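Structure file start.csv (CSV, C-alpha atoms and all ligand atoms) is printed below.
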chain,number,residue,atom,x,y,z
A,26,MET,CA,-33.6,-17.9,57.8
A,27,LYS,CA,-32.2,-14.4,58.2
A,28,THR,CA,-33.0,-11.9,55.5
A,29,ALA,CA,-31.3,-8.9,53.8
A,30,LEU,CA,-32.8,-6.3,51.5
A,31,THR,CA,-30.9,-4.5,48.8
A,32,ILE,CA,-32.2,-1.0,47.6
A,33,ALA,CA,-30.2,-0.5,44.5
A,34,GLY,CA,-30.0,-0.3,40.7
A,35,SER,CA,-30.2,-3.2,38.2
A,36,ASP,CA,-27.1,-4.1,36.1
A,37,SER,CA,-28.2,-5.9,33.0
A,38,GLY,CA,-24.7,-7.4,32.7
A,39,GLY,CA,-25.2,-9.1,36.1
A,40,GLY,CA,-21.9,-8.1,37.7
A,41,ALA,CA,-22.9,-5.2,39.9
A,42,GLY,CA,-26.0,-3.6,41.4
A,43,ILE,CA,-29.0,-5.7,42.5
A,44,GLN,CA,-27.7,-8.8,40.7
A,45,ALA,CA,-24.4,-8.8,42.5
A,46,ASP,CA,-26.1,-8.0,45.8
A,47,LEU,CA,-28.5,-11.0,45.6
A,48,LYS,CA,-25.7,-13.4,44.6
A,49,SER,CA,-23.6,-12.1,47.5
A,50,PHE,CA,-26.5,-12.4,49.9
A,51,SER,CA,-27.1,-16.1,48.9
A,52,ALA,CA,-23.4,-17.0,49.1
A,53,ASN,CA,-23.2,-15.3,52.6
A,54,GLY,CA,-26.1,-17.4,53.9
A,55,VAL,CA,-29.2,-15.0,53.9
A,56,PHE,CA,-32.4,-14.8,52.0
A,57,GLY,CA,-32.2,-11.8,49.6
A,58,MET,CA,-34.9,-9.3,48.6
A,59,SER,CA,-34.8,-6.2,46.4
A,60,VAL,CA,-36.1,-2.8,45.9
A,61,ILE,CA,-35.1,-1.5,42.4
A,62,THR,CA,-34.3,2.2,42.2
A,63,ALA,CA,-33.1,2.4,38.6
A,64,ILE,CA,-32.5,0.2,35.5
A,65,THR,CA,-29.1,0.5,33.8
A,66,ALA,CA,-28.4,-0.9,30.4
A,67,GLN,CA,-24.9,-2.1,31.3
A,68,ASN,CA,-22.3,-4.7,30.5
A,69,THR,CA,-18.7,-5.3,31.5
A,70,GLN,CA,-17.5,-2.4,29.4
A,71,GLU,CA,-19.9,0.5,29.8
A,72,VAL,CA,-23.2,1.9,31.1
A,73,ARG,CA,-25.2,2.7,28.0
A,74,SER,CA,-28.3,4.3,29.5
A,75,VAL,CA,-30.2,4.6,32.8
A,76,GLN,CA,-34.0,4.7,33.5
A,77,ASP,CA,-34.9,5.9,37.0
A,78,ILE,CA,-37.9,4.0,38.5
A,79,ASP,CA,-40.9,6.1,39.5
A,80,VAL,CA,-40.7,7.0,43.1
A,81,ASN,CA,-44.3,5.7,43.8
A,82,ILE,CA,-43.2,2.2,42.8
A,83,ILE,CA,-40.0,2.5,44.8
A,84,ARG,CA,-42.1,3.4,47.9
A,85,ASP,CA,-44.5,0.6,47.1
A,86,GLN,CA,-41.6,-2.0,46.9
A,87,ILE,CA,-40.3,-0.8,50.3
A,88,GLU,CA,-43.7,-1.0,51.9
A,89,ALA,CA,-44.5,-4.4,50.3
A,90,VAL,CA,-41.4,-6.0,51.7
A,91,PHE,CA,-41.4,-4.4,55.2
A,92,ASP,CA,-45.2,-4.8,55.7
A,93,ASP,CA,-44.9,-8.6,55.3
A,94,ILE,CA,-41.3,-9.8,56.0
A,95,THR,CA,-38.8,-9.2,58.8
A,96,VAL,CA,-35.8,-7.5,57.3
A,97,ASP,CA,-32.6,-8.2,59.3
A,98,ALA,CA,-30.4,-5.8,57.3
A,99,VAL,CA,-30.6,-3.4,54.5
A,100,LYS,CA,-27.9,-2.6,51.9
A,101,ILE,CA,-28.2,0.7,49.9
A,102,GLY,CA,-26.5,1.0,46.5
A,103,MET,CA,-27.3,3.2,43.5
A,104,LEU,CA,-29.9,5.9,44.3
A,105,SER,CA,-29.6,8.0,41.1
A,106,SER,CA,-31.6,11.1,42.1
A,107,ALA,CA,-32.6,13.4,44.9
A,108,ASP,CA,-36.2,12.3,44.6
A,109,THR,CA,-35.2,8.7,45.0
A,110,ILE,CA,-33.1,9.6,48.0
A,111,LYS,CA,-36.1,11.3,49.6
A,112,THR,CA,-38.4,8.4,49.0
A,113,VAL,CA,-35.9,5.8,50.3
A,114,THR,CA,-35.1,8.0,53.4
A,115,GLN,CA,-38.8,8.2,54.2
A,116,GLY,CA,-39.2,4.4,53.9
A,117,LEU,CA,-36.2,3.7,56.1
A,118,GLN,CA,-37.4,6.3,58.7
A,119,LYS,CA,-40.8,4.6,58.7
A,120,TYR,CA,-39.6,1.0,59.3
A,121,ALA,CA,-36.3,1.7,61.1
A,122,PRO,CA,-34.3,-1.5,60.3
A,123,SER,CA,-31.5,-2.3,62.7
A,124,HIS,CA,-28.7,-2.3,60.2
A,125,ILE,CA,-28.3,0.0,57.1
A,126,VAL,CA,-25.1,-0.5,55.0
A,127,LEU,CA,-24.7,2.5,52.7
A,128,ASP,CA,-22.6,2.0,49.7
A,129,PRO,CA,-22.6,5.6,48.3
A,130,VAL,CA,-22.4,4.6,44.6
A,131,MET,CA,-21.5,7.6,42.5
A,132,VAL,CA,-19.7,6.7,39.3
A,133,SER,CA,-19.2,3.4,37.4
A,134,LYS,CA,-15.8,2.1,36.4
A,135,GLY,CA,-16.4,3.4,32.9
A,136,GLY,CA,-17.1,6.9,34.2
A,137,HIS,CA,-20.9,7.0,34.0
A,138,HIS,CA,-22.6,9.0,36.8
A,139,LEU,CA,-24.9,6.7,38.7
A,140,LEU,CA,-25.8,9.4,41.2
A,141,ARG,CA,-26.7,12.8,39.7
A,142,GLN,CA,-24.1,15.4,40.8
A,143,GLU,CA,-26.9,17.6,42.2
A,144,ALA,CA,-28.1,14.7,44.4
A,145,VAL,CA,-24.8,14.4,46.3
A,146,THR,CA,-25.9,17.0,48.9
A,147,SER,CA,-29.2,15.0,49.5
A,148,LEU,CA,-27.1,11.9,50.0
A,149,ILE,CA,-25.0,13.6,52.6
A,150,ASP,CA,-27.8,15.4,54.4
A,151,HIS,CA,-30.5,12.7,54.4
A,152,MET,CA,-28.9,9.3,53.9
A,153,LEU,CA,-25.6,9.4,55.8
A,154,PRO,CA,-27.3,10.0,59.2
A,155,LEU,CA,-29.3,6.8,58.7
A,156,ALA,CA,-26.3,4.6,57.9
A,157,THR,CA,-25.1,2.1,60.5
A,158,ILE,CA,-22.0,1.9,58.2
A,159,ILE,CA,-21.0,3.8,55.1
A,160,THR,CA,-18.6,2.0,52.7
A,161,PRO,CA,-17.1,4.6,50.2
A,162,ASN,CA,-14.2,4.1,48.0
A,163,ILE,CA,-11.5,6.8,48.0
A,164,PRO,CA,-13.0,8.9,45.1
A,165,GLU,CA,-16.5,8.8,46.7
A,166,ALA,CA,-15.1,9.9,50.1
A,167,GLU,CA,-13.3,12.7,48.4
A,168,VAL,CA,-16.6,13.9,46.8
A,169,ILE,CA,-18.5,13.6,50.1
A,170,LEU,CA,-15.8,15.5,52.1
A,171,GLY,CA,-14.5,17.9,49.4
A,172,TYR,CA,-10.8,17.3,49.9
A,173,PRO,CA,-8.2,14.8,48.5
A,174,ILE,CA,-7.3,11.6,50.4
A,175,SER,CA,-3.7,10.6,49.5
A,176,ASN,CA,-2.4,8.5,52.3
A,177,LYS,CA,-3.3,6.5,55.4
A,178,LYS,CA,-3.3,9.6,57.7
A,179,ASP,CA,-5.8,11.3,55.3
A,180,MET,CA,-7.9,8.1,55.4
A,181,GLU,CA,-8.1,8.3,59.2
A,182,LYS,CA,-9.2,12.0,59.1
A,183,ALA,CA,-11.7,11.2,56.4
A,184,CYS,CA,-13.3,8.4,58.5
A,185,MET,CA,-13.7,10.7,61.5
A,186,ASP,CA,-15.2,13.5,59.3
A,187,MET,CA,-17.7,11.1,57.8
A,188,THR,CA,-18.9,10.1,61.3
A,189,LYS,CA,-19.3,13.9,62.0
A,190,LEU,CA,-21.7,14.0,59.1
A,191,GLY,CA,-23.8,11.4,60.9
A,192,ALA,CA,-22.7,7.9,59.8
A,193,ARG,CA,-22.4,5.7,62.8
A,194,SER,CA,-19.3,3.9,61.4
A,195,VAL,CA,-17.2,3.9,58.3
A,196,LEU,CA,-15.4,1.4,56.1
A,197,LEU,CA,-13.1,3.5,53.8
A,198,LYS,CA,-12.0,1.1,51.0
A,199,GLY,CA,-8.4,1.3,49.9
A,200,GLY,CA,-8.8,-0.4,46.5
A,201,HIS,CA,-8.1,2.8,44.6
A,202,MET,CA,-4.9,3.6,46.6
A,203,GLU,CA,-1.4,2.6,45.4
A,204,GLY,CA,0.0,-0.6,46.9
A,205,GLU,CA,-2.0,-3.2,48.9
A,206,PRO,CA,-5.8,-2.7,49.1
A,207,ASP,CA,-6.0,-2.0,52.8
A,208,ASP,CA,-9.4,-0.8,54.1
A,209,LEU,CA,-9.9,1.3,57.2
A,210,TYR,CA,-12.8,0.5,59.5
A,211,TYR,CA,-13.6,3.3,62.0
A,212,ASP,CA,-16.2,2.4,64.7
A,213,GLY,CA,-16.7,6.0,65.9
A,214,THR,CA,-13.9,5.6,68.5
A,215,ASN,CA,-11.2,3.2,67.3
A,216,PHE,CA,-9.5,2.5,63.9
A,217,HIS,CA,-9.1,-1.0,62.6
A,218,TRP,CA,-6.9,-1.6,59.5
A,219,ILE,CA,-8.3,-4.5,57.5
A,220,SER,CA,-5.4,-5.4,55.4
A,221,GLY,CA,-5.6,-6.8,51.9
A,222,THR,CA,-3.3,-8.4,49.3
A,223,ARG,CA,-3.7,-7.0,45.7
A,224,ILE,CA,-4.8,-9.5,43.1
A,225,GLU,CA,-3.6,-8.6,39.6
A,226,THR,CA,-6.8,-8.8,37.5
A,227,LYS,CA,-8.9,-6.6,35.3
A,228,ASN,CA,-12.0,-8.4,36.5
A,229,THR,CA,-13.2,-6.2,39.3
A,230,HIS,CA,-16.7,-5.2,38.2
A,231,GLY,CA,-19.0,-5.0,41.1
A,232,THR,CA,-16.4,-5.3,43.9
A,233,GLY,CA,-18.0,-2.5,46.0
A,234,CYS,CA,-21.5,-4.1,45.6
A,235,THR,CA,-20.2,-7.5,46.5
A,236,LEU,CA,-18.4,-6.3,49.6
A,237,SER,CA,-21.2,-4.1,51.0
A,238,SER,CA,-23.8,-6.9,50.5
A,239,ALA,CA,-21.5,-9.5,52.2
A,240,ILE,CA,-21.3,-7.1,55.2
A,241,ALA,CA,-25.1,-6.6,55.3
A,242,ALA,CA,-25.6,-10.4,55.1
A,243,ASN,CA,-23.2,-11.0,58.0
A,244,LEU,CA,-24.9,-8.3,60.1
A,245,ALA,CA,-28.2,-9.9,59.4
A,246,ARG,CA,-26.8,-13.2,60.7
A,247,GLY,CA,-26.0,-11.6,64.0
A,248,PHE,CA,-22.2,-10.9,63.7
A,249,ASP,CA,-21.0,-7.6,65.2
A,250,MET,CA,-19.8,-4.9,62.9
A,251,LEU,CA,-16.1,-5.6,63.1
A,252,GLU,CA,-16.6,-9.3,62.5
A,253,ALA,CA,-19.1,-8.6,59.6
A,254,VAL,CA,-16.5,-6.3,58.0
A,255,LYS,CA,-13.7,-8.9,58.4
A,256,ARG,CA,-15.9,-11.6,56.9
A,257,GLY,CA,-16.9,-9.2,54.0
A,258,LYS,CA,-13.2,-8.5,53.3
A,259,SER,CA,-12.3,-12.2,53.1
A,260,TYR,CA,-15.4,-12.8,50.9
A,261,ILE,CA,-14.4,-10.1,48.5
A,262,HIS,CA,-10.8,-11.3,48.3
A,263,MET,CA,-12.0,-14.8,47.4
A,264,ALA,CA,-14.6,-13.4,44.9
A,265,ILE,CA,-11.8,-11.3,43.2
A,266,GLU,CA,-9.2,-14.1,43.3
A,267,HIS,CA,-11.6,-16.4,41.4
A,268,SER,CA,-13.2,-13.6,39.3
A,269,LEU,CA,-14.8,-14.5,36.0
A,270,ASP,CA,-13.5,-13.8,32.5
A,271,ILE,CA,-17.0,-13.0,31.3
A,272,GLY,CA,-17.4,-10.2,28.7
A,273,ASN,CA,-14.7,-8.1,27.0
A,274,GLY,CA,-14.3,-5.5,29.7
A,275,HIS,CA,-14.0,-5.8,33.5
A,276,GLY,CA,-15.4,-9.2,34.3
A,277,PRO,CA,-17.5,-9.9,37.5
A,278,THR,CA,-16.6,-11.2,40.9
A,279,ASN,CA,-17.2,-14.9,41.6
A,280,HIS,CA,-20.0,-15.7,44.1
A,281,PHE,CA,-20.1,-19.4,43.2
A,282,TYR,CA,-16.5,-20.6,44.0
A,283,ASP,CA,-17.1,-20.7,47.8
A,284,LEU,CA,-20.5,-22.5,47.4
A,285,TYR,CA,-19.0,-25.1,45.1
A,286,ARG,CA,-16.1,-25.6,47.5
A,287,LYS,CA,-18.5,-26.1,50.4
A,288,ALA,CA,-20.7,-28.4,48.3
A,289,LYS,CA,-17.6,-30.5,47.4
A,290,MET,CA,-16.5,-30.7,51.1
A,291,TYR,CA,-20.1,-31.7,52.0
A,292,GLN,CA,-20.0,-34.5,49.4
A,293,GLU,CA,-16.7,-35.7,50.7
A,294,ALA,CA,-18.0,-35.7,54.3
A,295,GLU,CA,-21.2,-37.4,53.2
A,296,LYS,CA,-19.2,-40.4,51.8
A,297,THR,CA,-17.7,-41.0,55.3
A,298,TRP,CA,-21.2,-41.1,56.9
A,299,SER,CA,-22.2,-44.2,55.0
A,300,ASN,CA,-19.0,-46.1,56.0
A,401,LIG,N1,-7.2,-5.9,42.9
A,401,LIG,C1,-7.7,-6.1,44.1
A,401,LIG,N2,-7.2,-7.1,44.9
A,401,LIG,C2,-7.7,-7.4,46.1
A,401,LIG,N3,-8.7,-6.6,46.7
A,401,LIG,C3,-9.2,-5.6,46.0
A,401,LIG,C4,-8.7,-5.3,44.7
A,401,LIG,N4,-9.4,-4.2,44.2
A,401,LIG,C5,-10.2,-3.8,45.2
A,401,LIG,N5,-10.1,-4.7,46.3
A,401,LIG,C6,-10.9,-4.7,47.5
A,401,LIG,O1,-12.3,-4.8,47.1
A,401,LIG,C7,-13.1,-4.0,47.9
A,401,LIG,C8,-13.8,-2.9,47.0
A,401,LIG,O2,-12.9,-2.0,46.7
A,401,LIG,P1,-12.8,-0.7,45.8
A,401,LIG,O3,-12.3,-1.1,44.5
A,401,LIG,O4,-12.0,0.3,46.6
A,401,LIG,O5,-14.3,-0.2,45.8
A,401,LIG,P2,-15.3,0.1,44.6
A,401,LIG,O6,-15.6,-1.2,43.9
A,401,LIG,O7,-16.5,0.7,45.3
A,401,LIG,O8,-14.6,1.1,43.7
A,401,LIG,C9,-12.2,-3.4,49.0
A,401,LIG,O9,-12.2,-4.3,50.1
A,401,LIG,C10,-10.8,-3.4,48.3
A,401,LIG,O10,-9.8,-3.3,49.2
A,402,LIG,C1,-26.5,-0.7,38.9
A,402,LIG,C2,-25.1,-0.4,39.4
A,402,LIG,N1,-24.9,-0.2,40.7
A,402,LIG,C3,-23.7,0.0,41.2
A,402,LIG,C4,-22.6,0.0,40.3
A,402,LIG,C5,-21.2,0.2,40.8
A,402,LIG,O1,-20.7,-0.9,41.3
A,402,LIG,P1,-19.2,-1.1,41.9
A,402,LIG,O2,-19.3,-2.3,42.8
A,402,LIG,O3,-18.7,0.1,42.5
A,402,LIG,O4,-18.4,-1.6,40.7
A,402,LIG,P2,-17.9,-0.8,39.4
A,402,LIG,O5,-19.0,0.0,38.7
A,402,LIG,O6,-16.9,0.1,39.9
A,402,LIG,O7,-17.4,-1.9,38.5
A,402,LIG,C6,-22.8,-0.3,39.0
A,402,LIG,N2,-21.8,-0.3,38.1
A,402,LIG,N3,-24.1,-0.5,38.5
Please re-express this file's structure in structure tokens.
Amino acid sequence: MKTALTIAGSDSGGGAGIQADLKSFSANGVFGMSVITAITAQNTQEVRSVQDIDVNIIRDQIEAVFDDITVDAVKIGMLSSADTIKTVTQGLQKYAPSHIVLDPVMVSKGGHHLLRQEAVTSLIDHMLPLATIITPNIPEAEVILGYPISNKKDMEKACMDMTKLGARSVLLKGGHMEGEPDDLYYDGTNFHWISGTRIETKNTHGTGCTLSSAIAANLARGFDMLEAVKRGKSYIHMAIEHSLDIGNGHGPTNHFYDLYRKAKMYQEAEKTWSN
């Protein structure tokens, strides 16, 4: 079985972070592993507090996984501090995994900083050049590049500028733009618009984590980047379409719908085998 590793923060509410990543890995057909960088006390409404994990234990988690298990793809989420970024960078340089999907998590929906503002430069200087693909939303790309992104032309320029900072390819997510949530994939040479249809729901907690993990899982399974991005996009659409009304704030994406659907189809098919 193919494997994927998430290096990210824990969300106690289960909708984003490590918890969303592992669910997305399973639903996308790979064995999931985790390196926890920070623990958030979080629910569907707010992040109450954050505890960074000691960098020695972050390094030990990375080494424990890579020294024993073949890692087919890595997804990076919440990194919290410059020290954590340094430790994760060193681990990735040591083991050089083939695919690194960087979701440059900065601020939660409720406005809590999940990456310290002084660590943004470290993320740009050390982490971006290691990324096979970076998957920012519009506000994250604006922070990385230092200019506003207001339309599709700006999105194209932003993608090109992020590859100049070292990322091999870019998926700039359009969920925060007006209108349909069209994402732009730039492979370093060509642009590919991955169009979306907006679903009217408040339950969008963990959408970025779900999508980046689905892309990592599909890369681990051997699909090329464009196909992994397209599969990720159709997975996140399904996960938002059937999102869950859990909690009183922004409910989580649904990782089970597709599995149940497939299990039902399997049961139906199985009935025909005995005939
Ligand atoms: N309401 C929505 N309906 C359909 N797709 C959406 C919706 N909101 C976001 N998406 C898609 O979900 C993915 C994550 O998007 P986005 O919200 O931009 O990122 P983040 O969760 O990092 O803020 C993207 O593919 C985006 O186009
Ligand atoms: C622990 C942790 N990691 C990442 C996030 C951000 O997740 P995202 O998918 O961007 O979803 P929202 O925060 O925007 O709902 C998080 N909240 N917690």
Next on the checklist: If the limit is 7 Å from any atom of ligand LIG 402 (chain A), counting only C-alpha atoms and all ligand atoms, which residues qualify? Return them as a PyMOL selection string.
Outcome noted: chain A and resi 33-36+41-43+64-65+102-103+130+132-134+229-235
Next on the checklist: Please return as an MDAnalysis selection string the residues found within 8 Å of ligand LIG 401 (chain A), counting all atoms listed in the file.
Outcome noted: chainID A and resid 128 130 134 160:163 197:202 205:208 220:227 229:236 257:258 261:262 265:266
Would you compute, for all listed atoms of region 64-77 of chain A, the axis-aligned bounding box grown by 3 Å on each side, and then report its centre and edge lengths in Å rounded to one decimal, as lines of an AutoDock Vina configuration file?
center_x = -26.2
center_y = 0.3
center_z = 32.5
size_x = 23.4
size_y = 17.2
size_z = 15.0
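Note that the spacing between CA of Pro129 (chain A) and CA of Ala98 (chain A) amounts to 16.5 Å.
Interatomic distance, CA of Met152 (chain A) to CA of Asp79 (chain A): 19.0 Å.
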Checklist entry - If we count all atoms listed in the file, what is near Asn68 (chain A) at a cut-off of 8 Å, once residues fewer than 2 positions away on the same chain are taken out, given as a PyMOL selection string? => result chain A and resi 36-40+66+70-72+272
Give one line per residue of region 179-274 of chain A that approaches region 50-56 of chain A to at most 9 Å, naming the two atoms of the closest pair and their distance in Å to one decimal, counting only C-alpha atoms; sort by chain then ascending residue number and deliver it as a tab-separated table.
residue	atom	partner	partner_atom	distance
A:Thr235	CA	A:Phe50	CA	8.7
A:Ser238	CA	A:Phe50	CA	6.2
A:Ala239	CA	A:Asn53	CA	6.1
A:Ile240	CA	A:Asn53	CA	8.8
A:Ala241	CA	A:Phe50	CA	8.0
A:Ala242	CA	A:Phe50	CA	5.6
A:Asn243	CA	A:Asn53	CA	6.9
A:Ala245	CA	A:Val55	CA	7.6
A:Arg246	CA	A:Val55	CA	7.4
A:Gly257	CA	A:Asn53	CA	8.9
A:Tyr260	CA	A:Asn53	CA	8.4
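Among the candidates A:Thr297, A:Ser105, A:Asn228, A:Ser175, the one nearest to Ser268 (chain A) when counting all atoms listed in the file is A:Asn228.
Across the structure, CA of Gln86 (chain A) and CA of Thr109 (chain A) are spaced 12.6 Å apart.
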Item to check | Test item: residues at most 8 Å from Asp108 (chain A), all atoms listed in the file, excluding those fewer than 3 positions along its chain, as a VMD selection string | outcome: chain A and resid 80 111 to 112
Checklist entry - Any idea what's packed within 8 Å of Leu30 (chain A), counting only C-alpha atoms, ignoring anything in its chain fewer than 2 positions away? Could you give it as a list in words? => result Thr28, Ile32, Gly57, Met58, Ser59, Val60, Val96, Ala98, Val99 and Lys100 of chain A
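Considering all atoms listed in the file, the residue among A:Thr157, A:Ala166, A:Arg73, A:Asp186 positioned nearest to His137 (chain A) is A:Arg73.
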Interface rows for region 28-118 of chain A against region 148-151 of chain A: nearest pair, Å to one decimal, 8 Å, only C-alpha atoms, as JSON lines:
{"residue": "A:Ala107", "atom": "CA", "partner": "A:Leu148", "partner_atom": "CA", "distance": 7.6}
{"residue": "A:Ile110", "atom": "CA", "partner": "A:Leu148", "partner_atom": "CA", "distance": 6.7}
{"residue": "A:Lys111", "atom": "CA", "partner": "A:His151", "partner_atom": "CA", "distance": 7.5}
{"residue": "A:Thr114", "atom": "CA", "partner": "A:His151", "partner_atom": "CA", "distance": 6.7}
Could region 66-94 of chain A be completed with N, CA and C atoms and written as a PDB file, keeping the file's coordinate frame, please?
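Contents of selection_16.pdb, freshly written:
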ATOM      1  N   ALA A  66     -28.749  -0.054  31.480  1.00  0.00           N
ATOM      2  CA  ALA A  66     -28.400  -0.900  30.400  1.00  0.00           C
ATOM      3  C   ALA A  66     -26.851  -0.945  30.403  1.00  0.00           C
ATOM      4  N   GLN A  67     -26.299  -2.028  30.910  1.00  0.00           N
ATOM      5  CA  GLN A  67     -24.900  -2.100  31.300  1.00  0.00           C
ATOM      6  C   GLN A  67     -24.279  -3.412  30.934  1.00  0.00           C
ATOM      7  N   ASN A  68     -22.991  -3.424  30.622  1.00  0.00           N
ATOM      8  CA  ASN A  68     -22.300  -4.700  30.500  1.00  0.00           C
ATOM      9  C   ASN A  68     -20.916  -4.547  31.163  1.00  0.00           C
ATOM     10  N   THR A  69     -19.964  -5.402  30.832  1.00  0.00           N
ATOM     11  CA  THR A  69     -18.700  -5.300  31.500  1.00  0.00           C
ATOM     12  C   THR A  69     -17.826  -4.156  31.047  1.00  0.00           C
ATOM     13  N   GLN A  70     -18.270  -3.490  29.965  1.00  0.00           N
ATOM     14  CA  GLN A  70     -17.500  -2.400  29.400  1.00  0.00           C
ATOM     15  C   GLN A  70     -18.029  -1.012  29.647  1.00  0.00           C
ATOM     16  N   GLU A  71     -19.367  -0.901  29.734  1.00  0.00           N
ATOM     17  CA  GLU A  71     -19.900   0.500  29.800  1.00  0.00           C
ATOM     18  C   GLU A  71     -21.381   0.442  30.309  1.00  0.00           C
ATOM     19  N   VAL A  72     -21.803   1.633  30.778  1.00  0.00           N
ATOM     20  CA  VAL A  72     -23.200   1.900  31.100  1.00  0.00           C
ATOM     21  C   VAL A  72     -23.752   2.652  29.872  1.00  0.00           C
ATOM     22  N   ARG A  73     -24.737   2.081  29.168  1.00  0.00           N
ATOM     23  CA  ARG A  73     -25.200   2.700  28.000  1.00  0.00           C
ATOM     24  C   ARG A  73     -26.349   3.721  28.258  1.00  0.00           C
ATOM     25  N   SER A  74     -27.268   3.342  29.149  1.00  0.00           N
ATOM     26  CA  SER A  74     -28.300   4.300  29.500  1.00  0.00           C
ATOM     27  C   SER A  74     -28.918   3.887  30.868  1.00  0.00           C
ATOM     28  N   VAL A  75     -29.631   4.845  31.466  1.00  0.00           N
ATOM     29  CA  VAL A  75     -30.200   4.600  32.800  1.00  0.00           C
ATOM     30  C   VAL A  75     -31.654   5.125  32.785  1.00  0.00           C
ATOM     31  N   GLN A  76     -32.550   4.321  33.347  1.00  0.00           N
ATOM     32  CA  GLN A  76     -34.000   4.700  33.500  1.00  0.00           C
ATOM     33  C   GLN A  76     -34.256   4.724  35.016  1.00  0.00           C
ATOM     34  N   ASP A  77     -34.552   5.893  35.588  1.00  0.00           N
ATOM     35  CA  ASP A  77     -34.900   5.900  37.000  1.00  0.00           C
ATOM     36  C   ASP A  77     -36.327   5.292  37.153  1.00  0.00           C
ATOM     37  N   ILE A  78     -36.533   4.602  38.262  1.00  0.00           N
ATOM     38  CA  ILE A  78     -37.900   4.000  38.500  1.00  0.00           C
ATOM     39  C   ILE A  78     -38.710   5.083  39.224  1.00  0.00           C
ATOM     40  N   ASP A  79     -39.992   5.108  38.861  1.00  0.00           N
ATOM     41  CA  ASP A  79     -40.900   6.100  39.500  1.00  0.00           C
ATOM     42  C   ASP A  79     -40.918   5.937  40.986  1.00  0.00           C
ATOM     43  N   VAL A  80     -40.867   7.083  41.672  1.00  0.00           N
ATOM     44  CA  VAL A  80     -40.700   7.000  43.100  1.00  0.00           C
ATOM     45  C   VAL A  80     -41.911   6.365  43.829  1.00  0.00           C
ATOM     46  N   ASN A  81     -43.096   6.409  43.204  1.00  0.00           N
ATOM     47  CA  ASN A  81     -44.300   5.700  43.800  1.00  0.00           C
ATOM     48  C   ASN A  81     -44.037   4.223  43.872  1.00  0.00           C
ATOM     49  N   ILE A  82     -43.404   3.703  42.828  1.00  0.00           N
ATOM     50  CA  ILE A  82     -43.200   2.200  42.800  1.00  0.00           C
ATOM     51  C   ILE A  82     -42.004   1.894  43.730  1.00  0.00           C
ATOM     52  N   ILE A  83     -41.038   2.792  43.865  1.00  0.00           N
ATOM     53  CA  ILE A  83     -40.000   2.500  44.800  1.00  0.00           C
ATOM     54  C   ILE A  83     -40.595   2.461  46.235  1.00  0.00           C
ATOM     55  N   ARG A  84     -41.437   3.443  46.575  1.00  0.00           N
ATOM     56  CA  ARG A  84     -42.100   3.400  47.900  1.00  0.00           C
ATOM     57  C   ARG A  84     -42.929   2.159  48.077  1.00  0.00           C
ATOM     58  N   ASP A  85     -43.681   1.768  47.037  1.00  0.00           N
ATOM     59  CA  ASP A  85     -44.500   0.600  47.100  1.00  0.00           C
ATOM     60  C   ASP A  85     -43.670  -0.694  47.357  1.00  0.00           C
ATOM     61  N   GLN A  86     -42.518  -0.780  46.676  1.00  0.00           N
ATOM     62  CA  GLN A  86     -41.600  -2.000  46.900  1.00  0.00           C
ATOM     63  C   GLN A  86     -41.175  -2.027  48.323  1.00  0.00           C
ATOM     64  N   ILE A  87     -40.753  -0.874  48.858  1.00  0.00           N
ATOM     65  CA  ILE A  87     -40.300  -0.800  50.300  1.00  0.00           C
ATOM     66  C   ILE A  87     -41.385  -1.290  51.189  1.00  0.00           C
ATOM     67  N   GLU A  88     -42.579  -0.731  50.983  1.00  0.00           N
ATOM     68  CA  GLU A  88     -43.700  -1.000  51.900  1.00  0.00           C
ATOM     69  C   GLU A  88     -44.122  -2.505  51.755  1.00  0.00           C
ATOM     70  N   ALA A  89     -44.126  -3.005  50.519  1.00  0.00           N
ATOM     71  CA  ALA A  89     -44.500  -4.400  50.300  1.00  0.00           C
ATOM     72  C   ALA A  89     -43.628  -5.355  51.053  1.00  0.00           C
ATOM     73  N   VAL A  90     -42.335  -5.079  51.031  1.00  0.00           N
ATOM     74  CA  VAL A  90     -41.400  -6.000  51.700  1.00  0.00           C
ATOM     75  C   VAL A  90     -41.537  -5.831  53.235  1.00  0.00           C
ATOM     76  N   PHE A  91     -41.444  -4.595  53.743  1.00  0.00           N
ATOM     77  CA  PHE A  91     -41.400  -4.400  55.200  1.00  0.00           C
ATOM     78  C   PHE A  91     -42.772  -4.747  55.855  1.00  0.00           C
ATOM     79  N   ASP A  92     -43.901  -4.548  55.137  1.00  0.00           N
ATOM     80  CA  ASP A  92     -45.200  -4.800  55.700  1.00  0.00           C
ATOM     81  C   ASP A  92     -45.415  -6.329  55.965  1.00  0.00           C
ATOM     82  N   ASP A  93     -44.618  -7.153  55.264  1.00  0.00           N
ATOM     83  CA  ASP A  93     -44.900  -8.600  55.300  1.00  0.00           C
ATOM     84  C   ASP A  93     -43.697  -9.380  55.914  1.00  0.00           C
ATOM     85  N   ILE A  94     -42.473  -8.923  55.704  1.00  0.00           N
ATOM     86  CA  ILE A  94     -41.300  -9.800  56.000  1.00  0.00           C
ATOM     87  C   ILE A  94     -40.380  -9.049  56.989  1.00  0.00           C
TER      88      ILE A  94
END
